$ cat model11.cif   # mmCIF, C-alpha atoms
data_coords
loop_
_atom_site.label_atom_id
_atom_site.label_comp_id
_atom_site.auth_asym_id
_atom_site.auth_seq_id
_atom_site.Cartn_x
_atom_site.Cartn_y
_atom_site.Cartn_z
CA MET L 1 62.02 61.44 75.87
CA THR L 2 65.56 60.99 74.66
CA THR L 3 65.43 62.15 71.04
CA ALA L 4 67.36 65.36 70.54
CA HIS L 5 65.58 68.15 68.69
CA ASN L 6 66.38 68.18 65.02
CA GLY L 7 65.51 70.43 62.14
CA GLY L 8 64.98 74.13 61.59
CA ALA L 9 61.94 76.00 62.86
CA VAL L 10 60.14 74.48 65.80
CA GLY L 11 57.40 72.26 64.46
CA GLY L 12 54.11 70.94 65.78
CA ALA L 13 53.37 68.40 68.45
CA THR L 14 54.09 65.46 66.14
CA ASP L 15 57.75 66.40 65.61
CA ALA L 16 60.31 64.51 67.68
CA ILE L 17 61.79 66.49 70.53
CA GLY L 18 63.49 65.50 73.74
CA VAL L 19 66.25 65.89 76.29
CA SER L 20 69.74 64.43 76.09
CA SER L 21 72.94 65.08 78.04
CA GLU L 22 75.15 63.20 75.58
CA GLY L 23 78.04 65.15 74.11
CA LEU L 24 77.88 68.13 76.44
CA PRO L 25 81.14 69.99 77.08
CA ASP L 26 82.86 68.97 80.32
CA TRP L 27 82.21 72.34 81.98
CA LEU L 28 78.45 71.83 81.68
CA GLY L 29 78.63 68.51 83.53
CA PRO L 30 78.10 70.04 87.00
CA VAL L 31 74.97 71.84 85.76
CA ALA L 32 73.51 68.70 84.17
CA ASP L 33 74.25 66.70 87.33
CA ALA L 34 72.69 69.33 89.57
CA VAL L 35 69.53 69.65 87.48
CA ALA L 36 68.87 65.94 87.75
CA GLY L 37 68.42 66.11 91.52
CA ILE L 38 67.02 69.56 92.27
CA ARG L 39 63.68 69.68 94.08
CA PRO L 40 61.14 72.52 93.58
CA GLU L 41 61.56 73.89 97.11
CA GLN L 42 65.32 74.22 96.51
CA LEU L 43 64.64 76.71 93.71
CA SER L 44 61.83 78.90 95.01
CA ARG L 45 59.37 79.33 97.84
CA PHE L 46 56.66 80.03 95.25
CA GLN L 47 55.23 76.68 94.20
CA PRO L 48 52.47 76.19 91.60
CA PRO L 49 48.90 76.12 92.91
CA GLU L 50 46.99 72.85 92.75
CA THR L 51 44.71 74.39 90.11
CA GLY L 52 45.03 77.41 87.85
CA GLY L 53 48.06 79.25 86.61
CA ARG L 54 49.10 79.66 82.99
CA PRO L 55 51.56 77.01 81.76
CA SER L 56 54.73 78.56 80.36
CA ALA L 57 58.41 77.81 79.81
CA VAL L 58 61.74 79.59 79.67
CA LEU L 59 64.95 78.57 77.91
CA ILE L 60 68.12 78.69 80.03
CA LEU L 61 70.61 78.54 77.19
CA PHE L 62 74.32 78.00 77.87
CA GLY L 63 76.81 78.76 75.12
CA GLU L 64 80.54 79.26 74.77
CA GLY L 65 81.65 82.70 73.66
CA GLU L 66 84.73 84.87 73.45
CA HIS L 67 84.97 85.01 77.23
CA GLY L 68 84.13 81.38 77.96
CA PRO L 69 80.82 79.86 79.08
CA GLU L 70 77.90 82.26 78.84
CA LEU L 71 74.12 82.56 79.21
CA LEU L 72 71.64 84.05 76.74
CA LEU L 73 69.40 86.77 78.21
CA MET L 74 67.05 89.42 76.88
CA GLU L 75 65.69 92.71 78.14
CA ARG L 76 61.93 93.01 77.94
CA ALA L 77 60.41 96.12 76.36
CA SER L 78 59.48 98.88 78.79
CA SER L 79 55.94 99.03 77.35
CA LEU L 80 54.93 95.50 78.41
CA ARG L 81 52.22 95.04 81.02
CA THR L 82 54.21 92.63 83.20
CA HIS L 83 57.94 92.50 84.01
CA ALA L 84 58.52 95.57 81.81
CA GLY L 85 62.18 96.42 81.27
CA GLN L 86 63.42 93.42 83.18
CA ALA L 87 66.21 91.12 82.06
CA SER L 88 64.93 87.60 81.54
CA PHE L 89 65.39 84.28 79.84
CA PRO L 90 63.59 83.87 76.52
CA GLY L 91 60.22 82.25 77.10
CA GLY L 92 56.48 82.60 77.38
CA ALA L 93 53.16 80.84 77.59
CA LEU L 94 52.51 77.48 75.99
CA ASP L 95 50.43 77.44 72.81
CA PRO L 96 48.08 74.55 71.92
CA GLN L 97 50.44 73.42 69.13
CA ASP L 98 53.26 72.95 71.66
CA GLY L 99 51.61 69.77 72.93
CA ASP L 100 51.00 68.28 76.34
CA PRO L 101 51.98 70.70 79.16
CA GLU L 102 52.89 67.67 81.28
CA ARG L 103 55.23 66.20 78.68
CA GLU L 104 56.81 67.75 75.59
CA GLY L 105 54.86 71.03 75.63
CA PRO L 106 57.37 73.06 77.70
CA LEU L 107 60.27 71.87 75.52
CA ARG L 108 58.63 73.10 72.34
CA ALA L 109 57.41 76.29 73.97
CA ALA L 110 60.88 77.17 75.27
CA LEU L 111 62.44 76.75 71.82
CA ARG L 112 59.57 78.40 69.96
CA GLU L 113 59.51 81.45 72.22
CA ALA L 114 63.32 81.77 72.06
CA GLN L 115 63.14 81.69 68.27
CA GLU L 116 60.31 84.23 68.18
CA GLU L 117 62.01 86.61 70.62
CA THR L 118 65.70 86.33 69.70
CA GLY L 119 65.77 84.82 66.22
CA LEU L 120 67.98 81.90 67.23
CA ASP L 121 67.88 78.70 65.14
CA PRO L 122 66.46 75.92 67.37
CA SER L 123 68.30 73.26 65.36
CA GLY L 124 71.54 74.45 67.01
CA VAL L 125 70.19 73.91 70.53
CA GLN L 126 70.50 70.64 72.46
CA LEU L 127 68.06 70.43 75.36
CA PHE L 128 69.74 68.66 78.27
CA GLY L 129 67.63 69.26 81.35
CA VAL L 130 64.27 70.33 82.77
CA LEU L 131 63.78 71.89 86.19
CA PRO L 132 60.63 71.53 88.32
CA ARG L 133 57.75 73.87 87.57
CA LEU L 134 57.74 77.12 89.54
CA TYR L 135 55.20 79.89 90.10
CA ILE L 136 55.38 83.64 89.44
CA PRO L 137 52.59 85.14 91.56
CA VAL L 138 52.64 88.61 89.97
CA SER L 139 51.80 87.21 86.51
CA GLY L 140 50.16 83.90 87.40
CA PHE L 141 52.57 81.90 85.22
CA VAL L 142 53.48 78.31 86.07
CA VAL L 143 56.95 78.16 84.56
CA THR L 144 58.98 75.14 83.46
CA PRO L 145 62.67 76.08 83.09
CA VAL L 146 64.26 74.15 80.19
CA LEU L 147 68.04 74.01 79.92
CA GLY L 148 69.89 73.94 76.63
CA TRP L 149 73.41 73.77 75.20
CA TRP L 150 73.98 76.13 72.28
CA ARG L 151 76.12 73.71 70.33
CA ALA L 152 75.74 75.60 67.03
CA PRO L 153 75.25 79.32 67.79
CA THR L 154 73.45 81.56 65.31
CA PRO L 155 73.05 85.36 65.23
CA VAL L 156 70.45 86.70 67.67
CA GLY L 157 68.76 90.03 68.26
CA ALA L 158 65.45 91.60 69.23
CA VAL L 159 62.89 90.30 66.72
CA ASP L 160 59.97 92.47 67.87
CA PRO L 161 60.93 95.77 69.56
CA ALA L 162 57.44 95.94 71.06
CA GLU L 163 58.31 92.88 73.15
CA THR L 164 62.11 92.84 73.38
CA ALA L 165 64.44 95.79 73.90
CA ARG L 166 67.65 93.84 73.35
CA VAL L 167 69.20 90.37 73.38
CA PHE L 168 72.60 89.76 74.95
CA THR L 169 74.89 87.12 76.40
CA VAL L 170 76.54 87.24 79.81
CA PRO L 171 79.74 85.32 80.59
CA VAL L 172 79.32 82.96 83.53
CA SER L 173 82.53 84.44 84.93
CA GLN L 174 80.71 87.78 85.30
CA LEU L 175 77.77 86.11 87.02
CA THR L 176 80.03 84.39 89.54
CA ASP L 177 82.16 87.50 90.16
CA PRO L 178 81.32 88.68 93.71
CA ALA L 179 81.73 92.30 92.58
CA ASN L 180 78.70 91.88 90.30
CA ARG L 181 76.40 90.41 92.93
CA ALA L 182 73.96 92.13 95.29
CA THR L 183 70.63 91.78 97.06
CA VAL L 184 67.71 93.75 95.64
CA THR L 185 65.17 95.33 97.97
CA HIS L 186 61.65 96.18 96.81
CA PRO L 187 59.14 98.49 98.53
CA SER L 188 56.82 95.47 98.76
CA GLY L 189 59.32 93.85 101.11
CA PHE L 190 60.79 91.51 98.48
CA LEU L 191 64.45 90.61 98.92
CA GLY L 192 66.33 88.55 96.38
CA PRO L 193 69.64 87.96 94.61
CA ALA L 194 70.67 90.25 91.77
CA PHE L 195 73.42 90.51 89.19
CA LEU L 196 74.78 93.79 87.79
CA VAL L 197 76.10 92.63 84.41
CA SER L 198 76.14 93.79 80.78
CA GLU L 199 74.58 97.17 81.66
CA ALA L 200 71.61 95.35 83.18
CA LEU L 201 70.25 94.62 86.62
CA VAL L 202 69.14 91.00 86.61
CA TRP L 203 66.74 90.31 89.46
CA GLY L 204 63.47 88.55 90.31
CA PHE L 205 62.63 85.12 88.91
CA THR L 206 65.54 85.08 86.45
CA ALA L 207 68.17 86.03 89.02
CA GLY L 208 66.74 83.51 91.47
CA LEU L 209 67.20 80.69 88.96
CA ILE L 210 70.73 81.79 88.05
CA ASP L 211 71.61 82.05 91.74
CA ARG L 212 70.40 78.52 92.47
CA LEU L 213 72.07 77.01 89.40
CA LEU L 214 75.41 78.59 90.33
CA TYR L 215 75.05 77.28 93.87
CA TYR L 216 74.07 73.70 93.05
CA ALA L 217 76.60 73.43 90.22
CA GLY L 218 79.35 74.40 92.68
CA TRP L 219 80.19 77.58 90.78
CA GLU L 220 79.11 80.13 93.38
CA LEU L 221 81.81 82.29 94.96
CA SER L 222 81.34 83.96 98.32
CA TRP L 223 79.67 87.36 97.90
CA ASP L 224 78.49 90.20 100.10
CA ARG L 225 74.77 89.64 100.71
CA ALA L 226 74.63 92.88 102.69
CA LYS L 227 75.29 94.87 99.49
CA THR L 228 71.83 96.06 98.47
CA VAL L 229 70.25 97.66 95.41
CA PRO L 230 66.88 99.36 96.06
CA LEU L 231 64.05 99.08 93.52
CA GLY L 232 61.13 101.40 93.00
#

$ encode --input "model11.cif" --output "structure tokens"
Amino acid sequence: MTTAHNGGAVGGATDAIGVSSEGLPDWLGPVADAVAGIRPEQLSRFQPPETGGRPSAVLILFGEGEHGPELLLMERASSLRTHAGQASFPGGALDPQDGDPEREGPLRAALREAQEETGLDPSGVQLFGVLPRLYIPVSGFVVTPVLGWWRAPTPVGAVDPAETARVFTVPVSQLTDPANRATVTHPSGFLGPAFLVSEALVWGFTAGLIDRLLYYAGWELSWDRAKTVPLG
């Protein structure tokens, strides 16, 4: 698939959609190059089961704001059954109209969910990469991370307060700043990277992906992994 997404609202499975790295800003080059060669085990130790799991997708959207390159994130509502109150990428489960889960389905789902959750206009997003599918054991989701370049930004905000508490962008410079990095510790024994940015603690699946993208793009700066933030 090489046709870039065109048009307004995300359409059905017959609409053209695809991935293209043409015309990306130079600073996104290292990310696009890294994505092309990343293997599943380099991103997470949780790999999808041979059968089962609910197909889903998230949109890792890079833009360029007042403080340079940035990522779009959202804070999930505290009333949700899973991942309540956590910072995350826009995304969710695939719907039948999204199409084949093995082909274009995750692309449409990532854009559709981002539009439904943040109100962004998908026509301003250029999809440029797809990461291997990963597994979130606590929710049973098999997640395909889809990367996009926000070439024509539009206003965003929480569309449904019952699902989304807020929508915000985080400068990449804040994510790479060693002062904003830590290791979270969970009573279950979970240890993982975290980012203390924009009045949010980004941890879990989302922080793991950001951590790996920074590393493989060559953007990571040395940080104190002994600095911990307890959860629970």

$ resolve_selection --input "model11.cif" --expression "the PyMOL selection byres ((chain L and resi 27) around 12)" --output "number ranges by chain"
L: 23-26, 28-33, 62-64, 68-70, 149, 172, 217-219

$ residues_around --input "model11.cif" --residues "Tyr215 in chain L" --least-positions-apart "4" --cutoff "10 Å" --atoms "all atoms listed in the file" --output "PyMOL selection string"
chain L and resi 31+34+176+209-211+219-221

$ resolve_selection --input "model11.cif" --expression "the PyMOL selection byres ((chain L and resi 40-42) around 10)" --output "PyMOL selection string"
chain L and resi 37-39+43-48+131-134+212+216

$ atom_distance --input "model11.cif" --atom1 "CA of Leu175 in chain L" --atom2 "CA of Ala194 in chain L"
9.5 Å

$ resolve_selection --input "model11.cif" --expression "the PyMOL selection byres ((chain L and resi 122-130) around 10)" --output "PDB file with C-alpha atoms, in the coordinates of the input"
ATOM      1  CA  THR L   2      65.560  60.990  74.660  1.00  0.00           C
ATOM      2  CA  THR L   3      65.430  62.150  71.040  1.00  0.00           C
ATOM      3  CA  ALA L   4      67.360  65.360  70.540  1.00  0.00           C
ATOM      4  CA  HIS L   5      65.580  68.150  68.690  1.00  0.00           C
ATOM      5  CA  ASN L   6      66.380  68.180  65.020  1.00  0.00           C
ATOM      6  CA  GLY L   7      65.510  70.430  62.140  1.00  0.00           C
ATOM      7  CA  GLY L   8      64.980  74.130  61.590  1.00  0.00           C
ATOM      8  CA  ALA L   9      61.940  76.000  62.860  1.00  0.00           C
ATOM      9  CA  VAL L  10      60.140  74.480  65.800  1.00  0.00           C
ATOM     10  CA  ILE L  17      61.790  66.490  70.530  1.00  0.00           C
ATOM     11  CA  GLY L  18      63.490  65.500  73.740  1.00  0.00           C
ATOM     12  CA  VAL L  19      66.250  65.890  76.290  1.00  0.00           C
ATOM     13  CA  SER L  20      69.740  64.430  76.090  1.00  0.00           C
ATOM     14  CA  SER L  21      72.940  65.080  78.040  1.00  0.00           C
ATOM     15  CA  GLU L  22      75.150  63.200  75.580  1.00  0.00           C
ATOM     16  CA  GLY L  23      78.040  65.150  74.110  1.00  0.00           C
ATOM     17  CA  LEU L  24      77.880  68.130  76.440  1.00  0.00           C
ATOM     18  CA  LEU L  28      78.450  71.830  81.680  1.00  0.00           C
ATOM     19  CA  VAL L  31      74.970  71.840  85.760  1.00  0.00           C
ATOM     20  CA  ALA L  32      73.510  68.700  84.170  1.00  0.00           C
ATOM     21  CA  ASP L  33      74.250  66.700  87.330  1.00  0.00           C
ATOM     22  CA  ALA L  34      72.690  69.330  89.570  1.00  0.00           C
ATOM     23  CA  VAL L  35      69.530  69.650  87.480  1.00  0.00           C
ATOM     24  CA  ALA L  36      68.870  65.940  87.750  1.00  0.00           C
ATOM     25  CA  ILE L  38      67.020  69.560  92.270  1.00  0.00           C
ATOM     26  CA  ALA L  57      58.410  77.810  79.810  1.00  0.00           C
ATOM     27  CA  LEU L  59      64.950  78.570  77.910  1.00  0.00           C
ATOM     28  CA  ILE L  60      68.120  78.690  80.030  1.00  0.00           C
ATOM     29  CA  LEU L  61      70.610  78.540  77.190  1.00  0.00           C
ATOM     30  CA  PHE L  62      74.320  78.000  77.870  1.00  0.00           C
ATOM     31  CA  GLY L  63      76.810  78.760  75.120  1.00  0.00           C
ATOM     32  CA  PRO L 106      57.370  73.060  77.700  1.00  0.00           C
ATOM     33  CA  LEU L 107      60.270  71.870  75.520  1.00  0.00           C
ATOM     34  CA  ARG L 108      58.630  73.100  72.340  1.00  0.00           C
ATOM     35  CA  ALA L 110      60.880  77.170  75.270  1.00  0.00           C
ATOM     36  CA  LEU L 111      62.440  76.750  71.820  1.00  0.00           C
ATOM     37  CA  ARG L 112      59.570  78.400  69.960  1.00  0.00           C
ATOM     38  CA  ALA L 114      63.320  81.770  72.060  1.00  0.00           C
ATOM     39  CA  GLN L 115      63.140  81.690  68.270  1.00  0.00           C
ATOM     40  CA  GLY L 119      65.770  84.820  66.220  1.00  0.00           C
ATOM     41  CA  LEU L 120      67.980  81.900  67.230  1.00  0.00           C
ATOM     42  CA  ASP L 121      67.880  78.700  65.140  1.00  0.00           C
ATOM     43  CA  LEU L 131      63.780  71.890  86.190  1.00  0.00           C
ATOM     44  CA  PRO L 132      60.630  71.530  88.320  1.00  0.00           C
ATOM     45  CA  ARG L 133      57.750  73.870  87.570  1.00  0.00           C
ATOM     46  CA  THR L 144      58.980  75.140  83.460  1.00  0.00           C
ATOM     47  CA  PRO L 145      62.670  76.080  83.090  1.00  0.00           C
ATOM     48  CA  VAL L 146      64.260  74.150  80.190  1.00  0.00           C
ATOM     49  CA  LEU L 147      68.040  74.010  79.920  1.00  0.00           C
ATOM     50  CA  GLY L 148      69.890  73.940  76.630  1.00  0.00           C
ATOM     51  CA  TRP L 149      73.410  73.770  75.200  1.00  0.00           C
ATOM     52  CA  TRP L 150      73.980  76.130  72.280  1.00  0.00           C
ATOM     53  CA  ARG L 151      76.120  73.710  70.330  1.00  0.00           C
ATOM     54  CA  ALA L 152      75.740  75.600  67.030  1.00  0.00           C
ATOM     55  CA  PRO L 153      75.250  79.320  67.790  1.00  0.00           C
ATOM     56  CA  THR L 154      73.450  81.560  65.310  1.00  0.00           C
TER      57      THR L 154
END
